[in-house]
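Chemist: Below is the file query.cif, with mmCIF, C-alpha atoms and all ligand atoms.
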```cif
data_work
#
loop_
_atom_site.label_atom_id
_atom_site.label_comp_id
_atom_site.auth_asym_id
_atom_site.auth_seq_id
_atom_site.Cartn_x
_atom_site.Cartn_y
_atom_site.Cartn_z
CA MET A 1 0.00 0.00 0.00
CA THR A 2 0.97 3.59 -0.48
CA GLU A 3 3.06 5.29 2.17
CA THR A 4 0.99 8.33 3.07
CA THR A 5 2.93 9.98 5.85
CA GLY A 6 5.41 12.07 3.88
CA GLU A 7 5.75 15.68 4.96
CA ASP A 8 7.63 18.43 3.26
CA ALA A 9 9.84 20.94 5.08
CA ASP A 10 6.87 23.16 5.99
CA GLY A 11 5.10 20.35 7.83
CA THR A 12 2.47 20.09 5.11
CA ARG A 13 1.72 16.58 3.91
CA ILE A 14 2.00 16.33 0.15
CA ILE A 15 -0.79 14.09 -1.09
CA ASP A 16 0.74 11.78 -3.67
CA GLY A 17 -1.91 11.14 -6.30
CA GLU A 18 0.48 9.15 -8.47
CA ALA A 19 1.04 6.63 -5.68
CA VAL A 20 -2.63 6.24 -4.76
CA ALA A 21 -3.56 5.98 -8.45
CA ALA A 22 -0.98 3.21 -8.88
CA ASP A 23 -2.74 1.28 -6.09
CA VAL A 24 -6.09 1.75 -7.85
CA ARG A 25 -4.59 0.57 -11.14
CA ASP A 26 -3.22 -2.55 -9.40
CA GLU A 27 -6.70 -3.28 -8.04
CA VAL A 28 -8.20 -2.73 -11.49
CA ALA A 29 -5.60 -4.98 -13.15
CA ALA A 30 -6.49 -7.78 -10.70
CA ARG A 31 -10.19 -7.38 -11.57
CA VAL A 32 -9.35 -7.46 -15.28
CA GLU A 33 -7.76 -10.86 -14.65
CA THR A 34 -10.92 -12.07 -12.90
CA LEU A 35 -12.96 -10.98 -15.90
CA GLU A 36 -10.52 -12.57 -18.34
CA ALA A 37 -10.94 -15.85 -16.46
CA GLU A 38 -14.69 -15.53 -17.13
CA GLY A 39 -13.96 -14.98 -20.82
CA VAL A 40 -14.56 -11.21 -20.76
CA THR A 41 -12.04 -8.56 -21.79
CA PRO A 42 -13.25 -5.18 -20.56
CA GLY A 43 -13.40 -2.55 -23.27
CA LEU A 44 -13.53 1.25 -23.15
CA ALA A 45 -14.47 3.42 -26.14
CA THR A 46 -13.27 7.02 -26.22
CA VAL A 47 -14.82 9.48 -28.66
CA LEU A 48 -13.08 12.73 -29.53
CA MET A 49 -14.88 15.46 -31.45
CA SER A 50 -12.51 18.37 -30.91
CA ASP A 51 -9.29 19.92 -32.16
CA ASP A 52 -8.33 21.08 -28.68
CA PRO A 53 -4.77 19.87 -27.99
CA ALA A 54 -5.49 19.38 -24.28
CA SER A 55 -8.47 17.12 -25.08
CA GLU A 56 -6.35 15.17 -27.55
CA THR A 57 -3.71 14.66 -24.86
CA TYR A 58 -6.26 13.56 -22.25
CA VAL A 59 -7.81 11.01 -24.60
CA SER A 60 -4.49 9.52 -25.63
CA MET A 61 -3.49 9.21 -21.96
CA LYS A 62 -6.74 7.35 -21.28
CA GLN A 63 -5.96 4.90 -24.08
CA ARG A 64 -2.47 4.34 -22.69
CA ASP A 65 -3.87 3.77 -19.20
CA CYS A 66 -6.23 1.10 -20.56
CA GLU A 67 -3.38 -0.74 -22.18
CA GLU A 68 -1.43 -0.77 -18.92
CA VAL A 69 -4.16 -2.60 -16.99
CA GLY A 70 -5.35 -4.90 -19.80
CA ILE A 71 -8.50 -3.01 -20.84
CA GLU A 72 -9.13 -2.97 -24.60
CA SER A 73 -9.50 0.54 -25.92
CA VAL A 74 -11.46 1.59 -28.98
CA HIS A 75 -11.02 5.13 -30.20
CA VAL A 76 -13.25 7.10 -32.57
CA GLU A 77 -12.37 10.55 -33.86
CA ILE A 78 -15.03 12.73 -35.40
CA ASP A 79 -14.29 15.92 -37.28
CA ALA A 80 -15.09 18.91 -35.10
CA ASP A 81 -17.17 20.40 -37.96
CA ALA A 82 -19.17 17.22 -38.60
CA PRO A 83 -22.93 17.27 -37.96
CA ALA A 84 -24.02 16.19 -34.48
CA GLU A 85 -25.83 13.23 -36.05
CA GLU A 86 -22.46 11.64 -36.79
CA LEU A 87 -21.69 11.64 -33.08
CA TYR A 88 -25.13 10.25 -32.20
CA GLY A 89 -24.65 7.46 -34.75
CA THR A 90 -21.24 6.62 -33.29
CA ILE A 91 -22.68 6.45 -29.78
CA ASP A 92 -25.53 4.21 -30.98
CA ASP A 93 -23.01 1.81 -32.53
CA LEU A 94 -20.88 1.74 -29.37
CA ASN A 95 -23.96 1.20 -27.21
CA GLU A 96 -24.67 -1.95 -29.24
CA ARG A 97 -21.17 -3.42 -29.24
CA GLU A 98 -20.67 -6.35 -26.87
CA ASP A 99 -16.91 -5.79 -26.66
CA VAL A 100 -17.39 -2.19 -25.45
CA HIS A 101 -18.41 -1.89 -21.78
CA GLY A 102 -17.76 1.82 -21.27
CA VAL A 103 -18.32 4.79 -23.57
CA LEU A 104 -16.69 8.17 -22.92
CA VAL A 105 -17.27 11.22 -25.10
CA GLN A 106 -14.53 13.72 -24.32
CA LEU A 107 -15.82 17.15 -23.26
CA PRO A 108 -16.01 19.97 -24.19
CA LEU A 109 -17.85 19.43 -27.48
CA PRO A 110 -18.13 21.92 -30.35
CA ASP A 111 -20.78 24.62 -29.89
CA HIS A 112 -23.13 23.15 -32.50
CA VAL A 113 -23.42 19.90 -30.52
CA ASP A 114 -25.89 19.73 -27.62
CA LYS A 115 -23.90 18.21 -24.75
CA ARG A 116 -27.01 17.18 -22.84
CA ARG A 117 -28.42 15.22 -25.78
CA VAL A 118 -25.06 13.50 -26.21
CA LEU A 119 -24.82 12.49 -22.56
CA ARG A 120 -28.37 11.13 -22.63
CA ARG A 121 -27.59 9.09 -25.74
CA ILE A 122 -25.02 6.87 -24.00
CA VAL A 123 -26.80 3.94 -22.35
CA PRO A 124 -26.55 4.42 -18.55
CA GLU A 125 -24.95 0.97 -18.13
CA LYS A 126 -21.96 2.11 -20.25
CA ASP A 127 -21.81 5.67 -18.92
CA VAL A 128 -18.47 5.35 -17.14
CA ASP A 129 -18.30 9.14 -16.67
CA GLY A 130 -21.47 8.98 -14.57
CA PHE A 131 -22.94 11.97 -16.44
CA HIS A 132 -26.21 10.42 -17.73
CA PRO A 133 -29.21 11.85 -15.81
CA GLU A 134 -30.07 8.35 -14.54
CA ASN A 135 -26.60 8.00 -13.03
CA VAL A 136 -26.65 11.56 -11.66
CA GLY A 137 -29.98 10.77 -10.01
CA ARG A 138 -28.68 7.55 -8.55
CA LEU A 139 -25.65 9.32 -7.11
CA VAL A 140 -27.79 12.03 -5.50
CA ALA A 141 -30.07 9.31 -4.09
CA GLY A 142 -27.06 7.62 -2.46
CA ASP A 143 -27.24 4.62 -4.81
CA ALA A 144 -24.44 5.44 -7.24
CA ARG A 145 -23.74 3.13 -10.17
CA PHE A 146 -20.75 5.08 -11.52
CA LYS A 147 -19.37 7.94 -9.45
CA PRO A 148 -17.89 10.64 -11.71
CA CYS A 149 -14.16 10.01 -11.94
CA THR A 150 -12.71 13.21 -10.46
CA PRO A 151 -14.87 13.43 -7.32
CA HIS A 152 -14.53 9.67 -6.83
CA GLY A 153 -10.75 10.05 -7.11
CA VAL A 154 -10.82 12.86 -4.54
CA GLN A 155 -12.75 10.61 -2.15
CA LYS A 156 -10.11 7.89 -2.61
CA LEU A 157 -7.33 10.40 -1.86
CA LEU A 158 -9.06 11.61 1.30
CA ALA A 159 -9.52 8.00 2.41
CA ALA A 160 -5.91 7.05 1.61
CA TYR A 161 -4.64 9.93 3.76
CA ASP A 162 -7.14 9.32 6.60
CA VAL A 163 -8.64 12.79 6.26
CA GLU A 164 -11.63 12.93 8.59
CA THR A 165 -14.68 14.16 6.66
CA GLU A 166 -17.31 13.31 9.26
CA GLY A 167 -18.45 16.57 10.83
CA ALA A 168 -15.75 18.50 8.97
CA ASP A 169 -16.49 21.82 7.26
CA ALA A 170 -15.86 21.09 3.58
CA VAL A 171 -15.94 23.87 1.00
CA VAL A 172 -16.21 23.01 -2.69
CA VAL A 173 -15.19 25.95 -4.86
CA GLY A 174 -16.85 25.50 -8.26
CA ARG A 175 -20.24 24.14 -9.29
CA SER A 176 -19.55 22.27 -12.53
CA ASP A 177 -21.53 19.18 -13.48
CA ILE A 178 -18.26 17.25 -13.81
CA VAL A 179 -16.67 18.09 -10.46
CA GLY A 180 -18.30 20.64 -8.13
CA LYS A 181 -21.86 19.34 -7.99
CA PRO A 182 -21.07 15.61 -7.70
CA MET A 183 -18.22 16.35 -5.26
CA ALA A 184 -20.54 18.23 -2.92
CA ASN A 185 -23.13 15.49 -3.24
CA LEU A 186 -20.64 12.81 -2.25
CA LEU A 187 -19.19 14.73 0.70
CA VAL A 188 -22.59 15.45 2.19
CA GLN A 189 -23.86 11.89 1.97
CA LYS A 190 -24.00 9.43 4.83
CA GLY A 191 -21.20 6.88 4.77
CA PRO A 192 -17.43 6.67 4.36
CA VAL A 193 -15.72 9.87 3.14
CA GLY A 194 -19.03 11.66 3.66
CA ASN A 195 -20.97 13.23 6.52
CA ALA A 196 -19.26 16.59 5.94
CA THR A 197 -20.96 19.94 6.45
CA THR A 198 -20.62 20.94 2.84
CA THR A 199 -20.72 24.40 1.27
CA VAL A 200 -20.52 25.08 -2.47
CA CYS A 201 -19.01 28.41 -3.53
CA HIS A 202 -19.08 29.81 -7.06
CA SER A 203 -18.65 32.97 -9.09
CA ARG A 204 -21.61 34.69 -7.39
CA THR A 205 -20.54 33.83 -3.84
CA GLU A 206 -20.33 37.09 -1.91
CA ASP A 207 -17.64 36.37 0.63
CA LEU A 208 -15.51 33.47 -0.49
CA GLU A 209 -12.68 34.41 1.87
CA GLU A 210 -14.95 34.32 4.91
CA THR A 211 -16.23 30.87 3.92
CA LEU A 212 -12.78 29.51 3.21
CA SER A 213 -11.31 30.84 6.44
CA THR A 214 -13.13 28.19 8.50
CA ALA A 215 -12.91 25.29 6.03
CA ASP A 216 -11.29 22.08 7.24
CA ILE A 217 -11.32 20.69 3.69
CA VAL A 218 -11.11 22.80 0.53
CA ILE A 219 -11.82 21.31 -2.89
CA ALA A 220 -10.73 23.85 -5.50
CA ALA A 221 -12.40 23.26 -8.85
CA VAL A 222 -12.90 26.62 -10.54
CA GLY A 223 -10.48 26.35 -13.46
CA VAL A 224 -8.81 29.68 -12.69
CA PRO A 225 -5.02 29.55 -12.24
CA GLU A 226 -3.97 30.11 -8.60
CA PHE A 227 -7.37 31.53 -7.66
CA ILE A 228 -6.92 30.58 -3.98
CA ASP A 229 -3.80 31.50 -2.02
CA GLY A 230 -2.44 30.52 1.37
CA SER A 231 -3.74 33.65 3.12
CA MET A 232 -7.31 32.47 2.43
CA LEU A 233 -6.88 29.08 4.12
CA LYS A 234 -7.40 27.91 7.66
CA GLU A 235 -4.22 26.65 9.31
CA GLY A 236 -4.06 22.87 8.90
CA ALA A 237 -6.76 22.62 6.22
CA THR A 238 -6.67 19.78 3.72
CA VAL A 239 -6.48 21.29 0.24
CA ILE A 240 -7.46 19.28 -2.81
CA ASP A 241 -6.61 21.12 -6.01
CA VAL A 242 -8.61 19.87 -8.99
CA GLY A 243 -7.41 22.62 -11.35
CA ILE A 244 -5.15 21.75 -14.26
CA ASN A 245 -4.52 25.09 -15.97
CA ARG A 246 -2.08 25.66 -18.80
CA VAL A 247 -0.28 28.98 -18.36
CA ASP A 248 2.33 30.46 -20.70
CA ALA A 249 5.85 29.69 -19.52
CA ASP A 250 9.37 29.60 -20.80
CA THR A 251 9.43 25.80 -21.13
CA GLU A 252 9.92 23.44 -24.06
CA LYS A 253 6.16 23.17 -24.55
CA GLY A 254 5.62 26.90 -24.06
CA TYR A 255 3.36 26.35 -21.06
CA GLU A 256 3.30 24.89 -17.58
CA LEU A 257 0.51 23.39 -15.52
CA VAL A 258 -0.70 25.15 -12.40
CA GLY A 259 -3.63 24.43 -10.13
CA ASP A 260 -6.47 26.58 -8.83
CA VAL A 261 -4.45 27.01 -5.63
CA GLU A 262 -1.21 28.95 -5.33
CA TYR A 263 0.87 26.01 -4.20
CA GLU A 264 3.83 27.81 -2.69
CA SER A 265 1.79 30.06 -0.41
CA ALA A 266 -0.66 27.29 0.50
CA LYS A 267 2.14 24.96 1.56
CA GLY A 268 3.01 25.68 5.14
CA VAL A 269 -0.54 26.83 5.93
CA ALA A 270 -2.35 23.70 4.75
CA GLY A 271 -2.05 20.49 6.75
CA ALA A 272 -2.07 18.52 3.52
CA ILE A 273 -2.20 19.50 -0.15
CA THR A 274 -2.31 17.90 -3.58
CA PRO A 275 0.34 19.07 -6.07
CA VAL A 276 -0.40 19.93 -9.70
CA PRO A 277 0.53 17.88 -11.60
CA GLY A 278 0.63 14.62 -9.63
CA GLY A 279 -2.37 15.09 -7.36
CA VAL A 280 -5.94 14.73 -8.57
CA GLY A 281 -5.14 14.23 -12.29
CA PRO A 282 -3.79 10.66 -12.01
CA MET A 283 -6.74 9.76 -9.77
CA THR A 284 -9.29 10.91 -12.36
CA ARG A 285 -7.63 8.66 -14.92
CA ALA A 286 -7.44 5.70 -12.53
CA MET A 287 -11.10 5.98 -11.57
CA LEU A 288 -12.10 5.80 -15.24
CA LEU A 289 -10.38 2.41 -15.42
CA TYR A 290 -12.16 1.42 -12.22
CA ASN A 291 -15.54 2.40 -13.63
CA THR A 292 -14.80 0.51 -16.85
CA VAL A 293 -14.09 -2.78 -15.07
CA LYS A 294 -17.11 -2.15 -12.88
CA ALA A 295 -19.23 -1.66 -16.01
CA ALA A 296 -17.89 -4.88 -17.55
CA GLY A 297 -18.64 -6.78 -14.34
CA LEU A 298 -22.17 -5.39 -14.08
CA GLN A 299 -22.92 -6.12 -17.72
CA ARG A 300 -21.62 -9.69 -17.47
CA GLY A 301 -23.00 -10.44 -14.01
CA VAL A 302 -19.54 -11.00 -12.50
CA ASP A 303 -19.17 -9.89 -8.87
CA LEU A 304 -15.88 -7.99 -8.81
CA ASP A 305 -16.09 -7.01 -5.13
CA LEU A 306 -14.68 -3.56 -5.81
CA SER A 307 -13.83 -1.40 -2.81
N1 LIG B 401 -13.35 16.74 -19.98
C1 LIG B 401 -12.74 17.13 -18.84
N2 LIG B 401 -12.97 16.24 -17.86
C2 LIG B 401 -13.73 15.25 -18.40
C3 LIG B 401 -14.28 14.06 -17.88
O1 LIG B 401 -14.13 13.71 -16.69
N3 LIG B 401 -14.99 13.30 -18.76
C4 LIG B 401 -15.19 13.68 -20.06
N4 LIG B 401 -15.92 12.87 -20.83
N5 LIG B 401 -14.69 14.79 -20.56
C5 LIG B 401 -13.96 15.57 -19.73
#
```
Output the file's structure in the form of structure tokens.
Ligand code: GUN
Modeler:
Amino acid sequence: MTETTGEDADGTRIIDGEAVAADVRDEVAARVETLEAEGVTPGLATVLMSDDPASETYVSMKQRDCEEVGIESVHVEIDADAPAEELYGTIDDLNEREDVHGVLVQLPLPDHVDKRRVLRRIVPEKDVDGFHPENVGRLVAGDARFKPCTPHGVQKLLAAYDVETEGADAVVVGRSDIVGKPMANLLVQKGPVGNATTTVCHSRTEDLEETLSTADIVIAAVGVPEFIDGSMLKEGATVIDVGINRVDADTEKGYELVGDVEYESAKGVAGAITPVPGGVGPMTRAMLLYNTVKAAGLQRGVDLDLS
């Protein structure tokens, strides 16, 4: 298991997402073997309808991750200018395929494509993102089939580092469908890595600093580089930085990745913090693999006993 006691010089624990994600991948690889023994190879289809270089990178990383744990990956690229019907047709085909257990359409989509219609088109049993309204409803009802990958990954990190959520004041900054809303829903629920007094802040929140100043747990998911700094945090808070922002920099690629939290000033104030990169990002990817094997198990009636 991952060693989770490392502290840096400021006394802040650095939450190692790479290490926890490696544990999740090991668990997934073992479940892939169980499925293989039953004659099933789990399969994930990724669909990219975008010219955005970041989206292209994310999708190719997902394919590579699949290969590492023995999941078959199928990839479909659709021209960003193509009619939406082409995407619907692709989803219909993937819904039908027996060798495909999970279908992921990379977001964001071009403006002429209605995201909600797309997400409803994927059959809920293959919706490994957990974005179909049926799966959103199940999550809110406390009966999740697929937890969305990023908030699920955050829960796993909090569990791995024994961060007490029960009775804690948790503040989620950001209200996106992908992270903020499901994250808040999970933290407030009864059960493990739940039972938190949960507040959601967003662009219309009047006094973010006041709210953050008493937060035991901060989940930063606004997509604004270094939006939160150390002066805004309570001493000893656990800080989970979901942001992965590309900012111009004098590097080979011409950019560097920074989070939604100003890491240097937050370190030393926070009790624990996730770095960017190497914090939440690897967990999001690992939880997609987890959901894919879960989907394959559910579809084939194999009990995978996933934690
Ligand atoms: N774009 C950014 N994050 C995600 C995600 O979790 N799932 C999908 N499908 N697209 C994304």
Chemist: In Å, how far is it from CA of Ala286 (chain A) to CA of Ala21 (chain A)?
Modeler: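 Between these atoms lies a distance of 5.6 Å.
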Chemist: Which residue is closest to Thr211 (chain A)? Choose from A:Thr274, A:Thr198, A:Ser60, A:Thr251 and count all atoms listed in the file.
Modeler: A:Thr198
Chemist: My list of candidates is A:Ile228, A:Val222, A:Leu119, A:Val154. Which is closest to ligand LIG 401 (chain B) when distances are computed with all atoms listed in the file?
Modeler: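 Using all atoms listed in the file, the shortest distance to ligand LIG 401 (chain B) belongs to A:Leu119.
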Chemist: From the list A:Thr41, A:Thr150, A:Asn135, A:Ser50, which residue is nearest Cys66 (chain A) when using only C-alpha atoms?
Modeler: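 For Cys66 (chain A), the nearest of the given residues is A:Thr41.
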Chemist: Report the closest atom pair, with its distance in Å rounded to one decimal, for each residue of chain A that has an atom no farther than 8 Å from ligand LIG 401 (chain B); count all atoms listed in the file, sort by chain and then rising residue number, and write it as CSV.
Modeler:
```
residue,atom,partner,partner_atom,distance
A:Ser55,CA,B:LIG401,N1,7.1
A:Leu104,CA,B:LIG401,N4,5.2
A:Val105,CA,B:LIG401,N4,4.8
A:Gln106,CA,B:LIG401,N4,3.9
A:Leu107,CA,B:LIG401,N5,3.8
A:Pro108,CA,B:LIG401,N1,5.9
A:Asp129,CA,B:LIG401,N3,5.7
A:Pro148,CA,B:LIG401,O1,7.0
A:Cys149,CA,B:LIG401,O1,6.0
A:Thr150,CA,B:LIG401,O1,6.4
A:Ile178,CA,B:LIG401,O1,6.2
A:Thr284,CA,B:LIG401,O1,7.1
```
Chemist: So how far away is CA of Val100 (chain A) from CA of Thr46 (chain A), in Å?
Modeler: 10.1 Å
Chemist: Given all atoms listed in the file as the basis, pick out the residue of A:Arg204, A:Arg138, A:Ile217, A:Leu289 nearest to Glu67 (chain A).
Modeler: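 The shortest atom-to-atom distance to Glu67 (chain A) comes from A:Leu289.
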Chemist: Fewer than 5 positions away in the same chain doesn't count, so skip those; otherwise give me all residues within 7 Å of Ser73 (chain A), counting only C-alpha atoms, as a list in words.
Modeler: Gly43, Leu44, Ala45, Gln63 and Cys66 of chain A
